file target.pdb (PDB, N, CA and C atoms)
ATOM      1  N   MET A   1     -11.537   0.167  10.274
ATOM      2  CA  MET A   1     -10.498  -0.519  10.989
ATOM      3  C   MET A   1      -9.653  -1.318   9.999
ATOM      4  N   LEU A   2      -8.332  -1.293  10.201
ATOM      5  CA  LEU A   2      -7.405  -1.999   9.337
ATOM      6  C   LEU A   2      -6.797  -3.176  10.088
ATOM      7  N   LYS A   3      -6.773  -4.316   9.435
ATOM      8  CA  LYS A   3      -6.135  -5.511   9.982
ATOM      9  C   LYS A   3      -4.930  -5.822   9.102
ATOM     10  N   ILE A   4      -3.788  -6.133   9.732
ATOM     11  CA  ILE A   4      -2.558  -6.433   9.014
ATOM     12  C   ILE A   4      -2.093  -7.829   9.415
ATOM     13  N   GLN A   5      -1.903  -8.700   8.426
ATOM     14  CA  GLN A   5      -1.380 -10.042   8.675
ATOM     15  C   GLN A   5      -0.099 -10.202   7.873
ATOM     16  N   ARG A   6       0.956 -10.696   8.524
ATOM     17  CA  ARG A   6       2.249 -10.877   7.865
ATOM     18  C   ARG A   6       2.498 -12.354   7.606
ATOM     19  N   SER A   7       3.029 -12.646   6.420
ATOM     20  CA  SER A   7       3.494 -13.996   6.113
ATOM     21  C   SER A   7       4.761 -13.869   5.282
ATOM     22  N   ALA A   8       5.585 -14.903   5.319
ATOM     23  CA  ALA A   8       6.844 -14.868   4.555
ATOM     24  C   ALA A   8       7.109 -16.242   3.966
ATOM     25  N   ASN A   9       7.507 -16.221   2.699
ATOM     26  CA  ASN A   9       7.909 -17.436   2.000
ATOM     27  C   ASN A   9       8.611 -16.990   0.720
ATOM     28  N   GLY A  10       9.862 -16.588   0.850
ATOM     29  CA  GLY A  10      10.585 -16.039  -0.290
ATOM     30  C   GLY A  10      10.353 -14.550  -0.464
ATOM     31  N   GLN A  11       9.237 -14.088  -0.022
ATOM     32  CA  GLN A  11       8.900 -12.662   0.010
ATOM     33  C   GLN A  11       8.084 -12.412   1.264
ATOM     34  N   VAL A  12       8.007 -11.164   1.675
ATOM     35  CA  VAL A  12       7.226 -10.820   2.861
ATOM     36  C   VAL A  12       5.922 -10.188   2.394
ATOM     37  N   VAL A  13       4.806 -10.829   2.742
ATOM     38  CA  VAL A  13       3.494 -10.364   2.307
ATOM     39  C   VAL A  13       2.717  -9.847   3.513
ATOM     40  N   PHE A  14       2.225  -8.624   3.380
ATOM     41  CA  PHE A  14       1.334  -8.055   4.380
ATOM     42  C   PHE A  14      -0.056  -8.030   3.767
ATOM     43  N   LYS A  15      -0.927  -8.858   4.302
ATOM     44  CA  LYS A  15      -2.312  -8.900   3.825
ATOM     45  C   LYS A  15      -3.092  -7.859   4.614
ATOM     46  N   LEU A  16      -3.647  -6.894   3.903
ATOM     47  CA  LEU A  16      -4.397  -5.814   4.532
ATOM     48  C   LEU A  16      -5.885  -6.065   4.338
ATOM     49  N   SER A  17      -6.644  -5.865   5.408
ATOM     50  CA  SER A  17      -8.091  -6.068   5.359
ATOM     51  C   SER A  17      -8.781  -4.870   5.988
ATOM     52  N   GLY A  18      -9.858  -4.420   5.358
ATOM     53  CA  GLY A  18     -10.655  -3.336   5.909
ATOM     54  C   GLY A  18     -10.334  -1.999   5.258
ATOM     55  N   ARG A  19     -10.366  -0.955   6.064
ATOM     56  CA  ARG A  19     -10.168   0.408   5.583
ATOM     57  C   ARG A  19      -8.748   0.873   5.862
ATOM     58  N   ILE A  20      -8.161   1.573   4.889
ATOM     59  CA  ILE A  20      -6.872   2.219   5.111
ATOM     60  C   ILE A  20      -7.147   3.720   5.160
ATOM     61  N   GLU A  21      -6.945   4.288   6.334
ATOM     62  CA  GLU A  21      -7.194   5.712   6.519
ATOM     63  C   GLU A  21      -5.918   6.389   7.013
ATOM     64  N   ALA A  22      -5.943   7.695   7.093
ATOM     65  CA  ALA A  22      -4.744   8.469   7.440
ATOM     66  C   ALA A  22      -4.077   7.966   8.712
ATOM     67  N   GLU A  23      -4.853   7.638   9.724
ATOM     68  CA  GLU A  23      -4.270   7.217  11.001
ATOM     69  C   GLU A  23      -3.598   5.843  10.918
ATOM     70  N   ASP A  24      -3.886   5.066   9.882
ATOM     71  CA  ASP A  24      -3.277   3.746   9.705
ATOM     72  C   ASP A  24      -1.911   3.815   9.025
ATOM     73  N   ILE A  25      -1.653   4.890   8.330
ATOM     74  CA  ILE A  25      -0.441   4.998   7.534
ATOM     75  C   ILE A  25       0.812   4.976   8.409
ATOM     76  N   LYS A  26       0.777   5.642   9.552
ATOM     77  CA  LYS A  26       1.939   5.640  10.447
ATOM     78  C   LYS A  26       2.281   4.207  10.867
ATOM     79  N   GLU A  27       1.276   3.435  11.248
ATOM     80  CA  GLU A  27       1.505   2.049  11.659
ATOM     81  C   GLU A  27       2.050   1.218  10.497
ATOM     82  N   LEU A  28       1.495   1.405   9.308
ATOM     83  CA  LEU A  28       1.984   0.670   8.145
ATOM     84  C   LEU A  28       3.443   1.007   7.851
ATOM     85  N   ARG A  29       3.794   2.283   7.922
ATOM     86  CA  ARG A  29       5.192   2.692   7.708
ATOM     87  C   ARG A  29       6.116   2.019   8.713
ATOM     88  N   GLU A  30       5.692   1.975   9.976
ATOM     89  CA  GLU A  30       6.504   1.356  11.025
ATOM     90  C   GLU A  30       6.690  -0.143  10.779
ATOM     91  N   VAL A  31       5.618  -0.816  10.396
ATOM     92  CA  VAL A  31       5.681  -2.251  10.126
ATOM     93  C   VAL A  31       6.617  -2.528   8.950
ATOM     94  N   LEU A  32       6.509  -1.749   7.897
ATOM     95  CA  LEU A  32       7.360  -1.941   6.723
ATOM     96  C   LEU A  32       8.817  -1.634   7.045
ATOM     97  N   ALA A  33       9.059  -0.644   7.891
ATOM     98  CA  ALA A  33      10.427  -0.255   8.249
ATOM     99  C   ALA A  33      11.141  -1.340   9.046
ATOM    100  N   LEU A  34      10.406  -2.212   9.711
ATOM    101  CA  LEU A  34      11.012  -3.283  10.494
ATOM    102  C   LEU A  34      11.587  -4.400   9.630
ATOM    103  N   GLU A  35      11.195  -4.435   8.363
ATOM    104  CA  GLU A  35      11.636  -5.507   7.468
ATOM    105  C   GLU A  35      13.020  -5.202   6.904
ATOM    106  N   THR A  36      13.800  -6.256   6.680
ATOM    107  CA  THR A  36      15.101  -6.088   6.047
ATOM    108  C   THR A  36      14.905  -5.955   4.546
ATOM    109  N   ASN A  37      15.920  -5.503   3.880
ATOM    110  CA  ASN A  37      15.840  -5.324   2.421
ATOM    111  C   ASN A  37      16.128  -6.609   1.662
ATOM    112  N   GLU A  38      16.257  -7.713   2.357
ATOM    113  CA  GLU A  38      16.638  -8.959   1.710
ATOM    114  C   GLU A  38      15.507  -9.600   0.910
ATOM    115  N   LYS A  39      14.277  -9.363   1.271
ATOM    116  CA  LYS A  39      13.141 -10.005   0.604
ATOM    117  C   LYS A  39      12.224  -8.948  -0.008
ATOM    118  N   GLN A  40      11.564  -9.334  -1.091
ATOM    119  CA  GLN A  40      10.568  -8.476  -1.737
ATOM    120  C   GLN A  40       9.414  -8.246  -0.771
ATOM    121  N   LEU A  41       9.006  -6.994  -0.616
ATOM    122  CA  LEU A  41       7.843  -6.670   0.207
ATOM    123  C   LEU A  41       6.617  -6.573  -0.690
ATOM    124  N   VAL A  42       5.509  -7.122  -0.202
ATOM    125  CA  VAL A  42       4.256  -7.144  -0.956
ATOM    126  C   VAL A  42       3.127  -6.689  -0.040
ATOM    127  N   LEU A  43       2.277  -5.819  -0.558
ATOM    128  CA  LEU A  43       1.030  -5.468   0.132
ATOM    129  C   LEU A  43      -0.103  -6.127  -0.641
ATOM    130  N   ASP A  44      -0.785  -7.067  -0.005
ATOM    131  CA  ASP A  44      -1.927  -7.754  -0.619
ATOM    132  C   ASP A  44      -3.185  -6.961  -0.246
ATOM    133  N   LEU A  45      -3.795  -6.361  -1.246
ATOM    134  CA  LEU A  45      -4.930  -5.458  -1.021
ATOM    135  C   LEU A  45      -6.276  -6.089  -1.340
ATOM    136  N   ARG A  46      -6.312  -7.405  -1.502
ATOM    137  CA  ARG A  46      -7.546  -8.085  -1.909
ATOM    138  C   ARG A  46      -8.740  -7.728  -1.012
ATOM    139  N   ASP A  47      -8.522  -7.646   0.300
ATOM    140  CA  ASP A  47      -9.625  -7.440   1.238
ATOM    141  C   ASP A  47      -9.744  -5.998   1.735
ATOM    142  N   VAL A  48      -9.105  -5.075   1.027
ATOM    143  CA  VAL A  48      -9.240  -3.658   1.382
ATOM    144  C   VAL A  48     -10.575  -3.164   0.829
ATOM    145  N   THR A  49     -11.351  -2.530   1.692
ATOM    146  CA  THR A  49     -12.687  -2.102   1.286
ATOM    147  C   THR A  49     -12.803  -0.600   1.043
ATOM    148  N   LEU A  50     -11.905   0.175   1.628
ATOM    149  CA  LEU A  50     -12.010   1.627   1.506
ATOM    150  C   LEU A  50     -10.646   2.245   1.746
ATOM    151  N   VAL A  51     -10.302   3.264   0.971
ATOM    152  CA  VAL A  51      -9.074   4.024   1.173
ATOM    153  C   VAL A  51      -9.399   5.501   1.046
ATOM    154  N   ASN A  52      -8.598   6.336   1.719
ATOM    155  CA  ASN A  52      -8.770   7.772   1.529
ATOM    156  C   ASN A  52      -7.594   8.306   0.717
ATOM    157  N   GLN A  53      -7.573   9.594   0.458
ATOM    158  CA  GLN A  53      -6.543  10.187  -0.390
ATOM    159  C   GLN A  53      -5.143  10.003   0.191
ATOM    160  N   ASP A  54      -5.007  10.088   1.509
ATOM    161  CA  ASP A  54      -3.700   9.869   2.136
ATOM    162  C   ASP A  54      -3.213   8.447   1.884
ATOM    163  N   ALA A  55      -4.117   7.488   1.935
ATOM    164  CA  ALA A  55      -3.759   6.092   1.688
ATOM    165  C   ALA A  55      -3.322   5.891   0.241
ATOM    166  N   ILE A  56      -3.974   6.568  -0.690
ATOM    167  CA  ILE A  56      -3.596   6.475  -2.105
ATOM    168  C   ILE A  56      -2.175   7.003  -2.299
ATOM    169  N   LYS A  57      -1.873   8.135  -1.691
ATOM    170  CA  LYS A  57      -0.512   8.691  -1.785
ATOM    171  C   LYS A  57       0.499   7.720  -1.174
ATOM    172  N   PHE A  58       0.161   7.131  -0.034
ATOM    173  CA  PHE A  58       1.033   6.174   0.625
ATOM    174  C   PHE A  58       1.281   4.962  -0.267
ATOM    175  N   LEU A  59       0.226   4.408  -0.846
ATOM    176  CA  LEU A  59       0.375   3.234  -1.706
ATOM    177  C   LEU A  59       1.221   3.562  -2.936
ATOM    178  N   GLY A  60       1.043   4.747  -3.482
ATOM    179  CA  GLY A  60       1.868   5.175  -4.619
ATOM    180  C   GLY A  60       3.330   5.280  -4.233
ATOM    181  N   SER A  61       3.611   5.803  -3.034
ATOM    182  CA  SER A  61       5.000   5.918  -2.591
ATOM    183  C   SER A  61       5.592   4.541  -2.299
ATOM    184  N   CYS A  62       4.776   3.626  -1.787
ATOM    185  CA  CYS A  62       5.246   2.251  -1.567
ATOM    186  C   CYS A  62       5.679   1.638  -2.885
ATOM    187  N   GLU A  63       4.843   1.783  -3.888
ATOM    188  CA  GLU A  63       5.154   1.209  -5.196
ATOM    189  C   GLU A  63       6.414   1.847  -5.775
ATOM    190  N   ALA A  64       6.562   3.159  -5.608
ATOM    191  CA  ALA A  64       7.759   3.852  -6.090
ATOM    192  C   ALA A  64       9.014   3.352  -5.378
ATOM    193  N   ASP A  65       8.858   2.879  -4.145
ATOM    194  CA  ASP A  65       9.980   2.349  -3.366
ATOM    195  C   ASP A  65      10.224   0.864  -3.614
ATOM    196  N   GLY A  66       9.495   0.272  -4.559
ATOM    197  CA  GLY A  66       9.719  -1.120  -4.920
ATOM    198  C   GLY A  66       8.840  -2.128  -4.198
ATOM    199  N   ILE A  67       7.884  -1.650  -3.419
ATOM    200  CA  ILE A  67       6.948  -2.552  -2.749
ATOM    201  C   ILE A  67       5.847  -2.901  -3.741
ATOM    202  N   LYS A  68       5.585  -4.185  -3.881
ATOM    203  CA  LYS A  68       4.591  -4.656  -4.856
ATOM    204  C   LYS A  68       3.192  -4.554  -4.259
ATOM    205  N   LEU A  69       2.258  -4.020  -5.056
ATOM    206  CA  LEU A  69       0.844  -3.994  -4.678
ATOM    207  C   LEU A  69       0.181  -5.161  -5.392
ATOM    208  N   GLU A  70      -0.293  -6.115  -4.616
ATOM    209  CA  GLU A  70      -0.857  -7.338  -5.170
ATOM    210  C   GLU A  70      -2.366  -7.362  -4.925
ATOM    211  N   ASN A  71      -3.109  -7.956  -5.858
ATOM    212  CA  ASN A  71      -4.571  -8.069  -5.740
ATOM    213  C   ASN A  71      -5.208  -6.709  -5.464
ATOM    214  N   CYS A  72      -4.712  -5.715  -6.176
ATOM    215  CA  CYS A  72      -5.164  -4.339  -5.980
ATOM    216  C   CYS A  72      -6.513  -4.137  -6.681
ATOM    217  N   PRO A  73      -7.566  -3.763  -5.931
ATOM    218  CA  PRO A  73      -8.854  -3.499  -6.576
ATOM    219  C   PRO A  73      -8.714  -2.439  -7.678
ATOM    220  N   ALA A  74      -9.498  -2.571  -8.715
ATOM    221  CA  ALA A  74      -9.385  -1.701  -9.893
ATOM    222  C   ALA A  74      -9.503  -0.226  -9.540
ATOM    223  N   TYR A  75     -10.412   0.122  -8.638
ATOM    224  CA  TYR A  75     -10.583   1.544  -8.307
ATOM    225  C   TYR A  75      -9.362   2.096  -7.575
ATOM    226  N   ILE A  76      -8.719   1.287  -6.749
ATOM    227  CA  ILE A  76      -7.506   1.734  -6.059
ATOM    228  C   ILE A  76      -6.371   1.867  -7.072
ATOM    229  N   ARG A  77      -6.241   0.892  -7.965
ATOM    230  CA  ARG A  77      -5.199   0.947  -9.006
ATOM    231  C   ARG A  77      -5.355   2.212  -9.837
ATOM    232  N   ALA A  78      -6.577   2.532 -10.226
ATOM    233  CA  ALA A  78      -6.821   3.722 -11.045
ATOM    234  C   ALA A  78      -6.405   4.985 -10.296
ATOM    235  N   TRP A  79      -6.726   5.077  -9.016
ATOM    236  CA  TRP A  79      -6.371   6.262  -8.228
ATOM    237  C   TRP A  79      -4.864   6.364  -8.022
ATOM    238  N   VAL A  80      -4.201   5.231  -7.763
ATOM    239  CA  VAL A  80      -2.742   5.241  -7.590
ATOM    240  C   VAL A  80      -2.085   5.684  -8.899
ATOM    241  N   ASP A  81      -2.538   5.121 -10.017
ATOM    242  CA  ASP A  81      -1.968   5.489 -11.313
ATOM    243  C   ASP A  81      -2.220   6.960 -11.632
ATOM    244  N   ARG A  82      -3.387   7.456 -11.303
ATOM    245  CA  ARG A  82      -3.704   8.865 -11.520
ATOM    246  C   ARG A  82      -2.762   9.742 -10.690
ATOM    247  N   GLY A  83      -2.498   9.328  -9.465
ATOM    248  CA  GLY A  83      -1.571  10.066  -8.612
ATOM    249  C   GLY A  83      -0.161  10.067  -9.176
ATOM    250  N   LYS A  84       0.255   8.961  -9.772
ATOM    251  CA  LYS A  84       1.572   8.894 -10.406
ATOM    252  C   LYS A  84       1.651   9.880 -11.557
ATOM    253  N   GLY A  85       0.582   9.971 -12.324
ATOM    254  CA  GLY A  85       0.551  10.893 -13.457
ATOM    255  C   GLY A  85       0.713  12.329 -13.011
ATOM    256  N   ARG A  86       0.081  12.688 -11.910
ATOM    257  CA  ARG A  86       0.213  14.054 -11.385
ATOM    258  C   ARG A  86       1.646  14.320 -10.933
ATOM    259  N   ARG A  87       2.267  13.344 -10.250
ATOM    260  CA  ARG A  87       3.653  13.522  -9.786
ATOM    261  C   ARG A  87       4.595  13.646 -10.975
ATOM    262  N   ASN A  88       4.379  12.833 -12.011
ATOM    263  CA  ASN A  88       5.253  12.887 -13.192
ATOM    264  C   ASN A  88       5.137  14.216 -13.910
ATOM    265  N   ARG A  89       3.945  14.748 -14.026
ATOM    266  CA  ARG A  89       3.761  16.047 -14.694
ATOM    267  C   ARG A  89       4.420  17.160 -13.903
ATOM    268  N   ARG A  90       4.359  17.109 -12.571
ATOM    269  CA  ARG A  90       4.988  18.148 -11.752
ATOM    270  C   ARG A  90       6.509  18.063 -11.833
ATOM    271  N   GLY A  91       7.033  16.846 -11.962
ATOM    272  CA  GLY A  91       8.471  16.655 -11.975
ATOM    273  C   GLY A  91       9.145  17.095 -13.269
ATOM    274  N   LYS A  92       8.384  17.297 -14.318
ATOM    275  CA  LYS A  92       8.961  17.659 -15.623
ATOM    276  C   LYS A  92       9.144  19.148 -15.749
TER     277      LYS A  92
END
call {"tool": "encode", "arguments": {"input": "target.pdb", "output": "structure tokens"}}
result
Amino acid sequence: MLKIQRSANGQVVFKLSGRIEAEDIKELREVLALETNEKQLVLDLRDVTLVNQDAIKFLGSCEADGIKLENCPAYIRAWVDRGKGRRNRRGK
């Protein structure tokens, strides 16, 4: 189960807690789409306990779109970076 908490103070921070799975990505996209482009968007991943491959792709695309991944656990960071490497190699 994924819990999403929003806060704003110069930037909009979505604190995510729990598991991010394929069925959560649609809701996350909708929540992010409701925000204006005026403030930096941040996903705080400190309390994320589990992600699947779809979530890794989603987080990589968020970062590519300028959304900051904050407090990203090392294993998630490694998977996101690995996914970026695959996309870069295909694009060349």
call {"tool": "atom_distance", "arguments": {"input": "target.pdb", "atom1": "atom CA of A:Ala22", "atom2": "atom CA of A:Ile76"}}
result
15.3 Å
call {"tool": "residues_around", "arguments": {"input": "target.pdb", "residues": "A:Ser61", "least_positions_apart": "2", "cutoff": "12 Å", "atoms": "only C-alpha atoms", "output": "number ranges by chain"}}
result
A: 25, 29, 54-59, 63-69, 80-81, 83-84, 87
call {"tool": "residues_around", "arguments": {"input": "target.pdb", "residues": "A:Arg19", "least_positions_apart": "4", "cutoff": "6 Å", "atoms": "all atoms listed in the file", "output": "PyMOL selection string"}}
result
chain A and resi 1-3+48-51
call {"tool": "select_by_dssp", "arguments": {"input": "target.pdb", "residues": "stretch 17-86 of chain A", "states": "strand (DSSP E or B)", "output": "ChimeraX atom specification"}}
result
/A:17-20,40-51,68-70
call {"tool": "closest_residue", "arguments": {"input": "target.pdb", "among": "A:Ala78, A:Cys72, A:Val31, A:Val42", "to": "A:Val13", "atoms": "only C-alpha atoms"}}
result
A:Val42
call {"tool": "decode", "arguments": {"input": "target.pdb", "residues": "stretch 50-61 of chain A", "atoms": "all heavy atoms", "output": "tab-separated table (two decimals), in the first residue's frame"}}
result
chain	number	residue	atom	x	y	z
A	50	LEU	N	9.43	-0.67	-0.83
A	50	LEU	CA	9.51	-1.63	-1.92
A	50	LEU	C	9.05	-0.96	-3.21
A	50	LEU	O	8.10	-0.18	-3.19
A	50	LEU	CB	8.61	-2.84	-1.62
A	50	LEU	CG	8.64	-4.00	-2.61
A	50	LEU	CD1	9.98	-4.72	-2.54
A	50	LEU	CD2	7.52	-4.98	-2.29
A	51	VAL	N	9.73	-1.25	-4.31
A	51	VAL	CA	9.32	-0.77	-5.63
A	51	VAL	C	9.43	-1.92	-6.61
A	51	VAL	O	10.23	-2.83	-6.42
A	51	VAL	CB	10.19	0.41	-6.12
A	51	VAL	CG1	10.00	1.64	-5.27
A	51	VAL	CG2	11.65	0.03	-6.18
A	52	ASN	N	8.62	-1.87	-7.67
A	52	ASN	CA	8.77	-2.87	-8.72
A	52	ASN	C	9.38	-2.20	-9.95
A	52	ASN	O	9.67	-1.00	-9.94
A	52	ASN	CB	7.44	-3.57	-9.03
A	52	ASN	CG	6.42	-2.67	-9.68
A	52	ASN	OD1	6.71	-1.55	-10.09
A	52	ASN	ND2	5.20	-3.16	-9.80
A	53	GLN	N	9.58	-2.95	-11.01
A	53	GLN	CA	10.25	-2.43	-12.20
A	53	GLN	C	9.48	-1.28	-12.83
A	53	GLN	O	10.06	-0.30	-13.28
A	53	GLN	CB	10.45	-3.55	-13.23
A	53	GLN	CG	11.32	-3.15	-14.39
A	53	GLN	CD	12.74	-2.76	-13.97
A	53	GLN	OE1	13.33	-3.34	-13.07
A	53	GLN	NE2	13.28	-1.75	-14.61
A	54	ASP	N	8.15	-1.34	-12.82
A	54	ASP	CA	7.35	-0.24	-13.36
A	54	ASP	C	7.58	1.04	-12.56
A	54	ASP	O	7.64	2.14	-13.13
A	54	ASP	CB	5.86	-0.59	-13.34
A	54	ASP	CG	5.50	-1.71	-14.30
A	54	ASP	OD1	6.11	-1.77	-15.39
A	54	ASP	OD2	4.62	-2.52	-13.97
A	55	ALA	N	7.70	0.91	-11.26
A	55	ALA	CA	7.95	2.07	-10.40
A	55	ALA	C	9.32	2.67	-10.68
A	55	ALA	O	9.47	3.90	-10.71
A	55	ALA	CB	7.82	1.69	-8.93
A	56	ILE	N	10.31	1.83	-10.93
A	56	ILE	CA	11.66	2.32	-11.26
A	56	ILE	C	11.62	3.12	-12.56
A	56	ILE	O	12.19	4.21	-12.65
A	56	ILE	CB	12.65	1.14	-11.37
A	56	ILE	CG1	12.85	0.48	-10.00
A	56	ILE	CG2	13.98	1.59	-11.97
A	56	ILE	CD1	13.43	1.36	-8.93
A	57	LYS	N	10.93	2.61	-13.56
A	57	LYS	CA	10.80	3.34	-14.83
A	57	LYS	C	10.09	4.67	-14.60
A	57	LYS	O	10.48	5.70	-15.14
A	57	LYS	CB	10.02	2.51	-15.85
A	57	LYS	CG	10.78	1.32	-16.37
A	57	LYS	CD	9.93	0.53	-17.33
A	57	LYS	CE	10.59	-0.77	-17.72
A	57	LYS	NZ	9.72	-1.59	-18.57
A	58	PHE	N	9.03	4.67	-13.79
A	58	PHE	CA	8.29	5.88	-13.49
A	58	PHE	C	9.18	6.90	-12.79
A	58	PHE	O	9.21	8.07	-13.16
A	58	PHE	CB	7.07	5.55	-12.62
A	58	PHE	CG	6.41	6.75	-12.04
A	58	PHE	CD1	5.64	7.59	-12.83
A	58	PHE	CD2	6.56	7.07	-10.70
A	58	PHE	CE1	5.04	8.72	-12.30
A	58	PHE	CE2	5.96	8.19	-10.15
A	58	PHE	CZ	5.20	9.03	-10.96
A	59	LEU	N	9.93	6.46	-11.79
A	59	LEU	CA	10.81	7.38	-11.05
A	59	LEU	C	11.89	7.96	-11.97
A	59	LEU	O	12.21	9.14	-11.89
A	59	LEU	CB	11.44	6.68	-9.85
A	59	LEU	CG	10.46	6.29	-8.75
A	59	LEU	CD1	11.16	5.42	-7.70
A	59	LEU	CD2	9.83	7.51	-8.11
A	60	GLY	N	12.40	7.14	-12.87
A	60	GLY	CA	13.39	7.63	-13.84
A	60	GLY	C	12.79	8.67	-14.76
A	60	GLY	O	13.43	9.69	-15.05
A	61	SER	N	11.54	8.46	-15.19
A	61	SER	CA	10.90	9.44	-16.07
A	61	SER	C	10.58	10.72	-15.31
A	61	SER	O	10.66	11.82	-15.86
A	61	SER	CB	9.65	8.85	-16.72
A	61	SER	OG	8.61	8.67	-15.79
